[in-house]
Structures are given as structure tokens and as C-alpha cells.
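Working notes for the structure below.
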Amino acid sequence: MTIRRVKIFSLFERFWHWSQMALIMVLLFSGFGLHGFHHLIRFETAVTLHTLSALLLLLLWAFGTFWLFTTRSWRHFIPTLSGMWQVFHFYSFGIFKGEHHPYRKAYWRKHNPLQALAYLMLKIVLFPLIWITGLIYLFYFLWRDLPQASDWLTGFAYVHTGAAYAILVFVLVHVYMLTTGHSFREHLMPMVNGFDDVDLTPEEEAYLLKDEPENIR
Amino acid sequence: MRSLLGCALAVLFVGSFVATDARAQSQWPTPPATPTPSEQISGPLTGGTADHTKFEILKQSFATGSDVTQACLSCHTETGKHFMQNIHWTWEYRHPATGQLLGKKHLVNNFCTNARGNEGMCAQCHAGYGWKDEGFDFSDETKIDCLVCHDRTGTYYKTPNSPGSPACSVMFEGKPAMDLSRIAQSVGLPERANCGTCHFNGGGGDNVKHGDLSSALKNPPRTLDVHMGVDGLNFACTACHITNKHLWAGSRYQIEAKDQDGTGLPGQRRDVATCESCHGLAPHQVDSIASFKRNDHASSLACQTCHIPEYARGGVATMTHWDWRTAGKTRNGEGYHEHGYTQGNGEHRYTYKSIKGDFIYAENLVPLYRWFDGQMTYTTIDTKFDVNRQPIAINDFTGHREDGHSRIWPFKAMYTWMPADVGNGTLVYTHLWGEDDSSYWGNYDMGKAIAFGMKKAGLPYSGQYGFVETVSYWPITHMVAPKEEALSCESCHAVGGRLDGLKGLYLPGRDHHAWLDLIGVIAVMGTLAGILGHALIRIVSSFRGQHS
């Protein structure tokens, strides 16, 4: 096994990540403005920004989902218990003692088990919760004449708000995690240039060197 | 019919990018101010085909208004029959839904209380001649007053049909003589001032009653009323309150609170004077997400709610409180009045009158907002009420988010302490105007005035009068501001906003789930604290690591 710098985040994946980040920031900012937590932008502007960025994010997610399944990248997000404990133990204790992160990125698996679980939950619980309730809210004008529509809207709005808090918590932890292990910059760069240190089997290394020399340094 | 889903999505996607396109710019502000004020724009009859100065029958000297009417009817042969169906003639309205008998002939209001029994004074505003008591002949076409609405000289006036007490009749002395011949030859379609003669002065003074109808609308700038503005569209009242056989659209008794039909084909829709009957059901040009949302809001909000941010604008105050309990005070045995309010246009208003009591005025008022289905229910003279449940609603309304035809409407609320039969728990007809010694406006004896008024109407009276607090609600629908002065989203979408306390809707920005927010904030703050703690331990332990 050798550690080599390998391109593990494709251009699309990086574009996806950063656009998603920007849109979620706009959504959190405008959303909490709509909720009344701040009055830094006008309500009308907040509605416009929130609606537009939500629709753009949905479009992005549509492309992202297509990409995940066509490239079989979805496998990276399947959580596994093996190694989970070690990762958890590292963040709870080892990190304070200056231990090294127990997980080595593999070519076929670029997330550690805790990461994979967190991203999976985000993808299959939090995100659907927020976009489904958001769409129902957005299309209120189509169902507003149903009985008790206003009460239902209230319910959907509460779920939407709750999910927003959860996503904000995720964002905070996610950003903080960049400071753990290596330097902040070292964590950030793979999502910028795509290259990260990956533990390669000799077969993987040989394959990459022969067939995809541009993806290995 | 609402837009289809795909259509809406496309609009939402593309829409907001073109929010400031040239077309939107050129219409801002709307409607454009016209450089030269034109004649007031009336209904479809604009552009007359007859010059009344050429009519031989009008080239005579008329002794009375009724003589003019007979001349009018000699050409307008069917108008008399038509007009007699009009509420301005009948002063009577049988509400088709509630069955209540309404109209000025019957109602008790919480201003000058009742026209019934006081016709000698009140019927000045009746579109007819000589109604001073029960003996008025409602089938006599010659008694119709054509001129009060059709005079274009501005010199026509009417005085009370009976002299009243000497204390009051002095008000009407010394009016200049009218040239009825000249007035008859210059008739035309009604202007705002014609309608305003009565409608601006209801309740006993300028803008006292409605709050959104005042003399400021005779020649308003477009900033006061975008439709009536002399430097804008210059609409006469009949431009919206269109007529058919002298019956016109728009009723205060049966209101179209949520127009589902919108604009009609040319010549159609002569039944309503709603905003939608001209502006349609999707009045905002859909060029952005915000304007799409605004159109959507029309399902829940009357146009008036956003577009009439305040009423009693233009420098003329409206009355908000009237206290009859203090009426009847005299100085040296004479009635008197006190000035106490100077309104925006510099005019003084009475805050006390011996004949009426104390008043409170206000201007530039934020309306009361409530769900309203257009249905008004009145406390009429024959309604029994519980005197312990005050204020008594002189008129109340119904409406709810769920009923499908309610919208949130702006209202003026008027509060009055007024005389009532507290023994029977009913309102009373008070005899205010008359030459006899029972009329309140002369003798200041409320008990006597009520006893007389009730006896005259043949109604039971316990003999025990008192004062009850009453409230009446007046839907606000005039004084539409230019759109750049319409309410912004924040006016309602905020804690403490205009719709604070209004039930039956979820309003983002106003409505929160206290527990959800608490848990959410704790989760976020807790995460930040956790991160901070984690980081601190890391920093501290890394120092230790270096030392060891």
C-alpha cells in the first residue's frame, strides 16, 4: 500500500459541493430572515432569494443524483460499522492527545465511516425533509383552498424550520471538522483542486498510472 | 383558474431576472400623471349627445326643483320609474341573505342615531323633495331630485324639509338664491362633488362617517386617490359605480368581499364595483417572484388591505368616538359648541356640541383588519340585545379563512356611547329634529325625545333610557394610494405587524412555534458551545503535548 495524491473529487463534484454550499448559505440567511430572526434584507428580497436559490438547489440536486447513480459514486455514501468506533474514539479522545486520524482514504472509499453516515443522513433525511416541505409551501397557491389548508401549512412550515435548524447544526460541525487532523487548508484543498492523499493498493496504483495518469501525482 | 404547475415553475425560474425590465419601468409610477387635468371620467356614458342649453323646455324660470324634474321627465320618460327602484329614493333595502329590512329609513346608526322620525332634517340627503314625515308619497315621480346629482354648476343646494327648532334652523339661513334655469341647462353626468354633497358629509360633517370619503376627494391629488386624482385618471364616482337604469354598482349592505369573476367583456358586469371588475383576478403584472406572490395574495387579501395603507388622509379627519352622554350641556340656557381639533388642512372641527355631545377625531389612521365575507348583520330597532355585553355592534360582519369567500379587509371602527332603551334592551329612535317641544335639538331632554320618537314609530319603550357603548364597522375602500405607497411585505410579515392577532392564517415572519425555536436555538448554540469546548481542549492538550 502506498499513499499517493489522487484526484478523488471530480470537477462536477467540486462544482456541486461549492454551489450547494453557496445556495445553502443564501437559503439559511434568507430563511432565517423570513422567520424574523434578522431584518438585514427586505422581506420581499428574502422571499425572492429564498425561492430562487431553493429552485436552483433542487436543479443542482437533480444533476447530482443523476451523477451519483451514473458514476456509481453513491457507494461512497453507504455507511459501514467497520472503523466507525475508531473514528468516533479519535474525535472524542485521540484528537486531544495528538493521535493520527485512524482512517486512510481509499480510492474506492473517500469518506470515513462517520462521514459517510453523516452525509447519508443529510441526503436521505434532512435534505428531503426540507425540500419536500419547502415545495409544498411554495406551491401553497395550488392547494390553499383545501379544508384546513392554513393549519397544514403551519405544520409544514414548522417541519421546514426544524430541518433548517438541523442543517445549520450540520454546517457548523462540518466546517469545524476541517480544522481537525491536518490543517484547515489541507482539508479544504481537495475540494478545490480535487487531489487528496489516498491509500492505494498496488493494483489501483498501477491502473491509475497506466490508464489515468492525469489523475495521479 | 390558477396557472398550471409547470407554467408557474417557469415563471418562478425566469421571472425574477426580468423584474426590472423596461416595460415595468415605464409604468412606474402608475397611472401616469396627466399634464392637463381633463373632465372627470365617468362611466360608459361619457361623451354626451344632447346639449341641454338647446332644450326649449329648460329655457324657462323654474319656481321649484320639482318643476325642473317634470321638465326632465318629459324627455327622460322612463327615468322616474327606474329611479324609484334606487336606494337613494327608497332609503330601504331588504337584505336578500339575512332578510333584515335596512336602509336609512329604518336603521339606527351610531352617529346622529336615526333618520326615522327626523326626516325633516335628515332627508336633505334624500334624492327627493319634501320628505318631512311619514306622509311622503314615494310613488310621486315629480318629487325626484334630479339636480342634486346632475347639477354641474356647483350652485345647487337643498335645505331641510322642515324648519326644526329655532336653535338649529339658523344654520341654513342666508344661502344665495339659485338660478334653477341655469342649473337645469347645465346638467350632466355626476361629478365627485355631486355624490360628495351627501356621501362626504354623512354622520353630520365632512368625513365624519366613512373615514375614506371626504371633501378632500373633490379635487384630490393622485397621491390621495390614484383613480380620482385630478393629476391622474380623474375618475368620477360613477366610473366605478357604473349604472344601469339608474341603479348603480356597489353596495354597503351586500358587499362582494371576494370577487371571483374579475373583468367582464365590454358592457358586461354592471353588478359590482370591485377592484377586480377592472383589474382582473391577477392584477399584478407577473414579472417577478414577488409579483407572482402578490397575485396569489389576492385570494386572502382584499386589494384595499395593501393599497389603502391609511384612511382619513388628505387633511380631513374622521370621527372615531362620539359620546352622547355629555350632550345637552348649555350655557345661559343656550346650546354651544367647542373647537378642539385642527385637522391636516388647517380647518377646525367641533369636539363638543350641545346637540350631540363629545367627539374624538383622527387622521391618517391604520385600519382594523379582519376576515370579511361581505355579509353585514345589523342591530336594528327591533333587535333585542344584552345591555351587559357592550359594546353593542350596530353592524357586525362575518368571515373566516375557510369559508371560501372571505378575505382580509380593512375597516374603520366607530365607537359611540348612544342612547338606548336599557329596560327593553333595544336601540331607540330619538326625536332630534322638529318644531315641537319634544325634539332634542331644541329642548335637550333626551328622555322626552326618545319617548316621542318611539311613540311616533309605534314602538314599545320601557321608559327607561340609558347609554350603551356601540361600535360600527365601515369597510375601507376609497382613497386608494398609488402603488409605490402600498404596504410592503413587512407591514404584516412581522411580529407586531398590522395583522398581529388575526387568526386563521400562517404568516411567515409573524408566526413562530415557541418550542421549536427554543429547541432550534439551543441546538445551534449547543453545537457552537460544543465546538468551542472541543477546540479549547484540543488547543490546551496540544500545548501539553509540546511540553511533554
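Convention: chains lettered A, B, ... in C-alpha cells order; per-chain residue numbering from 1; ligands numbered from 1 as shown.
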
Requested in this report: Find the residues of chain A in contact range of chain B, meaning any atom within 8 Å when counting only C-alpha atoms, and list them as a PyMOL selection string.
Outcome: chain A and resi 33-36+42-44+47-48+51-52+55+95-98+141-142+145+147-148+150-151+153-154+158+162+165-166+168-169+172-173+176

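Within region 247-376 of chain B, DSSP run on the backbone puts these residues in alpha helix (DSSP H): Glu276, Ser277, Cys278, His279, Ile289, Ala290, Ser291, Phe292, Lys293, Arg294, Asn295, Asp296, His297, Cys303, Gln304, Thr305, Cys306 and His307 of chain B.
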
Report task. Determine the nearest neighbour of Phe15 (chain A) from the options A:Leu129, A:Val159, A:Val192, A:Ala206, counting only C-alpha atoms. Result -> A:Val192

Near-Leu208 (chain A) list (12 Å; only C-alpha atoms; drop same-chain fewer than 2 positions) as an mmCIF file with N, CA and C atoms, in the first residue's frame:
```cif
data_model
loop_
_atom_site.group_PDB
_atom_site.id
_atom_site.type_symbol
_atom_site.label_atom_id
_atom_site.label_comp_id
_atom_site.auth_asym_id
_atom_site.auth_seq_id
_atom_site.Cartn_x
_atom_site.Cartn_y
_atom_site.Cartn_z
ATOM 1 N N ARG A 4 -0.614 8.037 -2.247
ATOM 2 C CA ARG A 4 -0.328 8.896 -3.397
ATOM 3 C C ARG A 4 -1.366 10.016 -3.466
ATOM 4 N N ARG A 5 -1.010 11.070 -4.184
ATOM 5 C CA ARG A 5 -2.028 12.130 -4.375
ATOM 6 C C ARG A 5 -2.864 11.760 -5.590
ATOM 7 N N VAL A 6 -4.110 11.541 -5.301
ATOM 8 C CA VAL A 6 -5.012 11.083 -6.359
ATOM 9 C C VAL A 6 -6.197 12.028 -6.453
ATOM 10 N N LYS A 7 -6.657 12.202 -7.678
ATOM 11 C CA LYS A 7 -7.837 13.067 -7.856
ATOM 12 C C LYS A 7 -9.076 12.258 -7.503
ATOM 13 N N ILE A 8 -9.652 12.602 -6.337
ATOM 14 C CA ILE A 8 -10.840 11.851 -5.924
ATOM 15 C C ILE A 8 -12.122 12.662 -6.064
ATOM 16 N N TYR A 107 -9.248 4.509 -2.421
ATOM 17 C CA TYR A 107 -9.684 5.003 -3.723
ATOM 18 C C TYR A 107 -11.158 4.722 -3.932
ATOM 19 N N LEU A 200 -3.419 3.665 -1.756
ATOM 20 C CA LEU A 200 -3.708 2.876 -2.949
ATOM 21 C C LEU A 200 -3.142 1.472 -2.824
ATOM 22 N N THR A 201 -3.898 0.505 -3.277
ATOM 23 C CA THR A 201 -3.341 -0.848 -3.422
ATOM 24 C C THR A 201 -2.427 -0.801 -4.636
ATOM 25 N N PRO A 202 -1.478 -1.726 -4.713
ATOM 26 C CA PRO A 202 -0.584 -1.747 -5.882
ATOM 27 C C PRO A 202 -1.360 -1.836 -7.194
ATOM 28 N N GLU A 203 -2.474 -2.595 -7.154
ATOM 29 C CA GLU A 203 -3.282 -2.724 -8.381
ATOM 30 C C GLU A 203 -3.877 -1.385 -8.789
ATOM 31 N N GLU A 204 -4.434 -0.697 -7.762
ATOM 32 C CA GLU A 204 -5.037 0.610 -8.053
ATOM 33 C C GLU A 204 -3.982 1.576 -8.594
ATOM 34 N N GLU A 205 -2.824 1.544 -7.941
ATOM 35 C CA GLU A 205 -1.748 2.454 -8.347
ATOM 36 C C GLU A 205 -1.322 2.168 -9.790
ATOM 37 N N ALA A 206 -1.147 0.891 -10.050
ATOM 38 C CA ALA A 206 -0.719 0.504 -11.393
ATOM 39 C C ALA A 206 -1.753 0.913 -12.429
ATOM 40 N N LYS A 210 -1.204 3.776 -15.361
ATOM 41 C CA LYS A 210 -1.245 3.359 -16.766
ATOM 42 C C LYS A 210 -2.399 4.023 -17.531
ATOM 43 N N ASP A 211 -3.611 3.942 -16.932
ATOM 44 C CA ASP A 211 -4.793 4.362 -17.679
ATOM 45 C C ASP A 211 -5.267 5.802 -17.372
ATOM 46 N N GLU A 212 -4.990 6.285 -16.144
ATOM 47 C CA GLU A 212 -5.445 7.642 -15.823
ATOM 48 C C GLU A 212 -4.285 8.437 -15.220
ATOM 49 N N PRO A 213 -3.208 8.618 -15.979
ATOM 50 C CA PRO A 213 -2.033 9.286 -15.403
ATOM 51 C C PRO A 213 -2.332 10.724 -14.975
ATOM 52 N N GLU A 214 -3.379 11.353 -15.598
ATOM 53 C CA GLU A 214 -3.680 12.735 -15.208
ATOM 54 C C GLU A 214 -4.301 12.809 -13.831
ATOM 55 N N ASN A 215 -4.798 11.673 -13.297
ATOM 56 C CA ASN A 215 -5.472 11.679 -12.006
ATOM 57 C C ASN A 215 -4.567 11.249 -10.851
ATOM 58 N N ILE A 216 -3.322 11.067 -11.113
ATOM 59 C CA ILE A 216 -2.398 10.677 -10.036
ATOM 60 C C ILE A 216 -1.115 11.492 -10.144
ATOM 61 N N ARG A 217 -0.648 11.946 -8.973
ATOM 62 C CA ARG A 217 0.579 12.742 -8.980
ATOM 63 C C ARG A 217 1.675 12.047 -8.191
#
```

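Relative to CA of Gly120 (chain B), CA of Asp133 (chain B) is found at 6.8 Å.
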
Query raised in the report: Which residues come within 10 Å of region 99-105 of chain B, counting only C-alpha atoms, excluding same-chain residues fewer than 3 positions away, as a list in words?
Result: Ile87, His88, Thr90, Trp91, Glu92, Tyr93, Arg94, His95, Pro96, Val108, Asn109, Asn114, Ala115, Arg116, Gly117, Asn118, Glu119, Cys122, Ala123, His126, Tyr253, Thr377, Tyr378, Thr379 and Thr380 of chain B

Just the selected residues (N, CA, C and O atoms), exported as an mmCIF file, in the first residue's frame, please.
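As written to disk, again_14.cif reads:
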```cif
data_model
loop_
_atom_site.group_PDB
_atom_site.id
_atom_site.type_symbol
_atom_site.label_atom_id
_atom_site.label_comp_id
_atom_site.auth_asym_id
_atom_site.auth_seq_id
_atom_site.Cartn_x
_atom_site.Cartn_y
_atom_site.Cartn_z
ATOM 1 N N ILE B 87 -82.017 52.940 -4.171
ATOM 2 C CA ILE B 87 -81.983 53.099 -2.715
ATOM 3 C C ILE B 87 -81.870 54.569 -2.316
ATOM 4 O O ILE B 87 -82.261 54.952 -1.217
ATOM 5 N N HIS B 88 -81.391 55.407 -3.237
ATOM 6 C CA HIS B 88 -81.340 56.835 -2.944
ATOM 7 C C HIS B 88 -82.748 57.437 -2.873
ATOM 8 O O HIS B 88 -82.939 58.516 -2.330
ATOM 9 N N THR B 90 -85.645 55.078 -2.255
ATOM 10 C CA THR B 90 -86.430 54.266 -1.304
ATOM 11 C C THR B 90 -85.913 54.384 0.127
ATOM 12 O O THR B 90 -86.676 54.230 1.076
ATOM 13 N N TRP B 91 -84.623 54.599 0.256
ATOM 14 C CA TRP B 91 -83.967 54.554 1.580
ATOM 15 C C TRP B 91 -84.336 53.257 2.303
ATOM 16 O O TRP B 91 -84.488 53.210 3.519
ATOM 17 N N GLU B 92 -84.491 52.236 1.535
ATOM 18 C CA GLU B 92 -84.949 50.972 2.097
ATOM 19 C C GLU B 92 -84.261 49.842 1.351
ATOM 20 O O GLU B 92 -84.127 49.891 0.124
ATOM 21 N N TYR B 93 -83.817 48.828 2.077
ATOM 22 C CA TYR B 93 -83.123 47.716 1.444
ATOM 23 C C TYR B 93 -83.440 46.444 2.213
ATOM 24 O O TYR B 93 -83.148 46.347 3.411
ATOM 25 N N ARG B 94 -84.065 45.517 1.539
ATOM 26 C CA ARG B 94 -84.329 44.217 2.178
ATOM 27 C C ARG B 94 -83.140 43.326 1.838
ATOM 28 O O ARG B 94 -82.921 43.005 0.674
ATOM 29 N N HIS B 95 -82.355 42.952 2.875
ATOM 30 C CA HIS B 95 -81.164 42.151 2.588
ATOM 31 C C HIS B 95 -81.570 40.751 2.148
ATOM 32 O O HIS B 95 -82.258 40.052 2.892
ATOM 33 N N PRO B 96 -81.173 40.356 0.966
ATOM 34 C CA PRO B 96 -81.625 39.060 0.452
ATOM 35 C C PRO B 96 -81.158 37.873 1.294
ATOM 36 O O PRO B 96 -81.833 36.845 1.329
ATOM 37 N N VAL B 108 -80.754 52.293 12.718
ATOM 38 C CA VAL B 108 -80.184 53.151 13.747
ATOM 39 C C VAL B 108 -78.679 53.102 13.525
ATOM 40 O O VAL B 108 -78.115 52.021 13.360
ATOM 41 N N ASN B 109 -78.041 54.271 13.446
ATOM 42 C CA ASN B 109 -76.588 54.275 13.302
ATOM 43 C C ASN B 109 -75.981 54.885 14.554
ATOM 44 O O ASN B 109 -76.707 55.388 15.421
ATOM 45 N N ASN B 114 -80.637 58.197 14.165
ATOM 46 C CA ASN B 114 -81.657 57.667 13.271
ATOM 47 C C ASN B 114 -82.237 58.764 12.384
ATOM 48 O O ASN B 114 -82.477 59.876 12.836
ATOM 49 N N ALA B 115 -82.474 58.371 11.144
ATOM 50 C CA ALA B 115 -83.163 59.281 10.229
ATOM 51 C C ALA B 115 -84.666 59.212 10.482
ATOM 52 O O ALA B 115 -85.369 60.219 10.354
ATOM 53 N N ARG B 116 -85.118 58.029 10.833
ATOM 54 C CA ARG B 116 -86.552 57.806 11.066
ATOM 55 C C ARG B 116 -87.072 58.796 12.103
ATOM 56 O O ARG B 116 -86.545 58.888 13.208
ATOM 57 N N GLY B 117 -88.075 59.521 11.731
ATOM 58 C CA GLY B 117 -88.659 60.498 12.635
ATOM 59 C C GLY B 117 -87.987 61.857 12.546
ATOM 60 O O GLY B 117 -88.505 62.843 13.041
ATOM 61 N N ASN B 118 -86.795 61.867 11.931
ATOM 62 C CA ASN B 118 -86.070 63.132 11.791
ATOM 63 C C ASN B 118 -85.940 63.524 10.318
ATOM 64 O O ASN B 118 -85.015 64.236 9.936
ATOM 65 N N GLU B 119 -86.857 63.024 9.491
ATOM 66 C CA GLU B 119 -86.736 63.233 8.043
ATOM 67 C C GLU B 119 -86.671 64.718 7.694
ATOM 68 O O GLU B 119 -86.039 65.095 6.703
ATOM 69 N N CYS B 122 -82.962 65.044 8.154
ATOM 70 C CA CYS B 122 -82.091 64.024 7.528
ATOM 71 C C CYS B 122 -82.371 63.858 6.041
ATOM 72 O O CYS B 122 -81.460 63.553 5.269
ATOM 73 N N ALA B 123 -83.633 64.017 5.636
ATOM 74 C CA ALA B 123 -83.978 63.765 4.238
ATOM 75 C C ALA B 123 -83.497 64.877 3.309
ATOM 76 O O ALA B 123 -83.814 64.861 2.124
ATOM 77 N N HIS B 126 -81.976 62.941 0.965
ATOM 78 C CA HIS B 126 -82.810 62.063 0.158
ATOM 79 C C HIS B 126 -82.875 62.673 -1.238
ATOM 80 O O HIS B 126 -82.999 63.896 -1.372
ATOM 81 N N TYR B 253 -74.453 47.328 1.916
ATOM 82 C CA TYR B 253 -75.218 46.333 2.664
ATOM 83 C C TYR B 253 -74.872 44.915 2.228
ATOM 84 O O TYR B 253 -74.890 43.990 3.023
ATOM 85 N N THR B 377 -74.400 42.214 9.376
ATOM 86 C CA THR B 377 -75.596 41.965 10.187
ATOM 87 C C THR B 377 -75.815 43.183 11.069
ATOM 88 O O THR B 377 -74.876 43.641 11.719
ATOM 89 N N TYR B 378 -77.025 43.668 11.086
ATOM 90 C CA TYR B 378 -77.295 44.919 11.790
ATOM 91 C C TYR B 378 -78.092 44.708 13.067
ATOM 92 O O TYR B 378 -78.934 43.816 13.148
ATOM 93 N N THR B 379 -77.783 45.539 14.044
ATOM 94 C CA THR B 379 -78.663 45.673 15.191
ATOM 95 C C THR B 379 -79.678 46.743 14.794
ATOM 96 O O THR B 379 -79.340 47.922 14.699
ATOM 97 N N THR B 380 -80.873 46.309 14.485
ATOM 98 C CA THR B 380 -81.895 47.257 14.044
ATOM 99 C C THR B 380 -82.789 47.611 15.226
ATOM 100 O O THR B 380 -82.587 47.133 16.345
#
```

Query - Non-local contacts of Trp85 (chain A) (12 Å; only C-alpha atoms; under 6 positions in same chain excluded) as a count of residues only - result: 9

Query - CA of Thr161 (chain A) to CA of Tyr137 (chain A), distance in Å rounded to a single decimal - result: 11.6 Å

Mind running region 364-411 of chain B against region 304-326 of chain B at 9 Å and telling me each contacting residue's nearest atom pair with the distance in Å (one decimal), counting only C-alpha atoms, chain and number ascending, as CSV?
```
residue,atom,partner,partner_atom,distance
B:Asn364,CA,B:Arg313,CA,4.9
B:Leu365,CA,B:Glu310,CA,5.1
B:Val366,CA,B:Glu310,CA,4.9
B:Pro367,CA,B:Glu310,CA,6.5
B:Tyr369,CA,B:Thr305,CA,7.7
B:Ile408,CA,B:Thr305,CA,7.0
B:Trp409,CA,B:Thr305,CA,5.6
B:Pro410,CA,B:Thr305,CA,5.4
```

Take the residues just selected and output them with N, CA and C atoms as a PDB file, in the first residue's frame.
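Okay, this is what ended up in result-v6.pdb:
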```
ATOM      1  N   ASN B 364     -55.215  59.964   9.157  1.00  0.00           N
ATOM      2  CA  ASN B 364     -54.146  59.050   8.730  1.00  0.00           C
ATOM      3  C   ASN B 364     -54.139  57.786   9.595  1.00  0.00           C
ATOM      4  N   LEU B 365     -55.290  57.149   9.633  1.00  0.00           N
ATOM      5  CA  LEU B 365     -55.475  56.028  10.550  1.00  0.00           C
ATOM      6  C   LEU B 365     -55.133  54.692   9.910  1.00  0.00           C
ATOM      7  N   VAL B 366     -54.525  53.831  10.711  1.00  0.00           N
ATOM      8  CA  VAL B 366     -54.292  52.447  10.294  1.00  0.00           C
ATOM      9  C   VAL B 366     -55.593  51.685  10.517  1.00  0.00           C
ATOM     10  N   PRO B 367     -56.095  51.041   9.475  1.00  0.00           N
ATOM     11  CA  PRO B 367     -57.378  50.351   9.630  1.00  0.00           C
ATOM     12  C   PRO B 367     -57.293  49.141  10.567  1.00  0.00           C
ATOM     13  N   TYR B 369     -58.009  45.189  10.677  1.00  0.00           N
ATOM     14  CA  TYR B 369     -58.035  44.162   9.631  1.00  0.00           C
ATOM     15  C   TYR B 369     -58.727  42.898  10.128  1.00  0.00           C
ATOM     16  N   ILE B 408     -59.216  39.210   3.929  1.00  0.00           N
ATOM     17  CA  ILE B 408     -58.887  40.154   4.992  1.00  0.00           C
ATOM     18  C   ILE B 408     -59.145  41.561   4.463  1.00  0.00           C
ATOM     19  N   TRP B 409     -59.992  42.275   5.170  1.00  0.00           N
ATOM     20  CA  TRP B 409     -60.404  43.616   4.740  1.00  0.00           C
ATOM     21  C   TRP B 409     -60.003  44.653   5.777  1.00  0.00           C
ATOM     22  N   PRO B 410     -59.794  45.884   5.303  1.00  0.00           N
ATOM     23  CA  PRO B 410     -59.569  46.975   6.258  1.00  0.00           C
ATOM     24  C   PRO B 410     -60.898  47.611   6.677  1.00  0.00           C
TER      25      PRO B 410
END
```
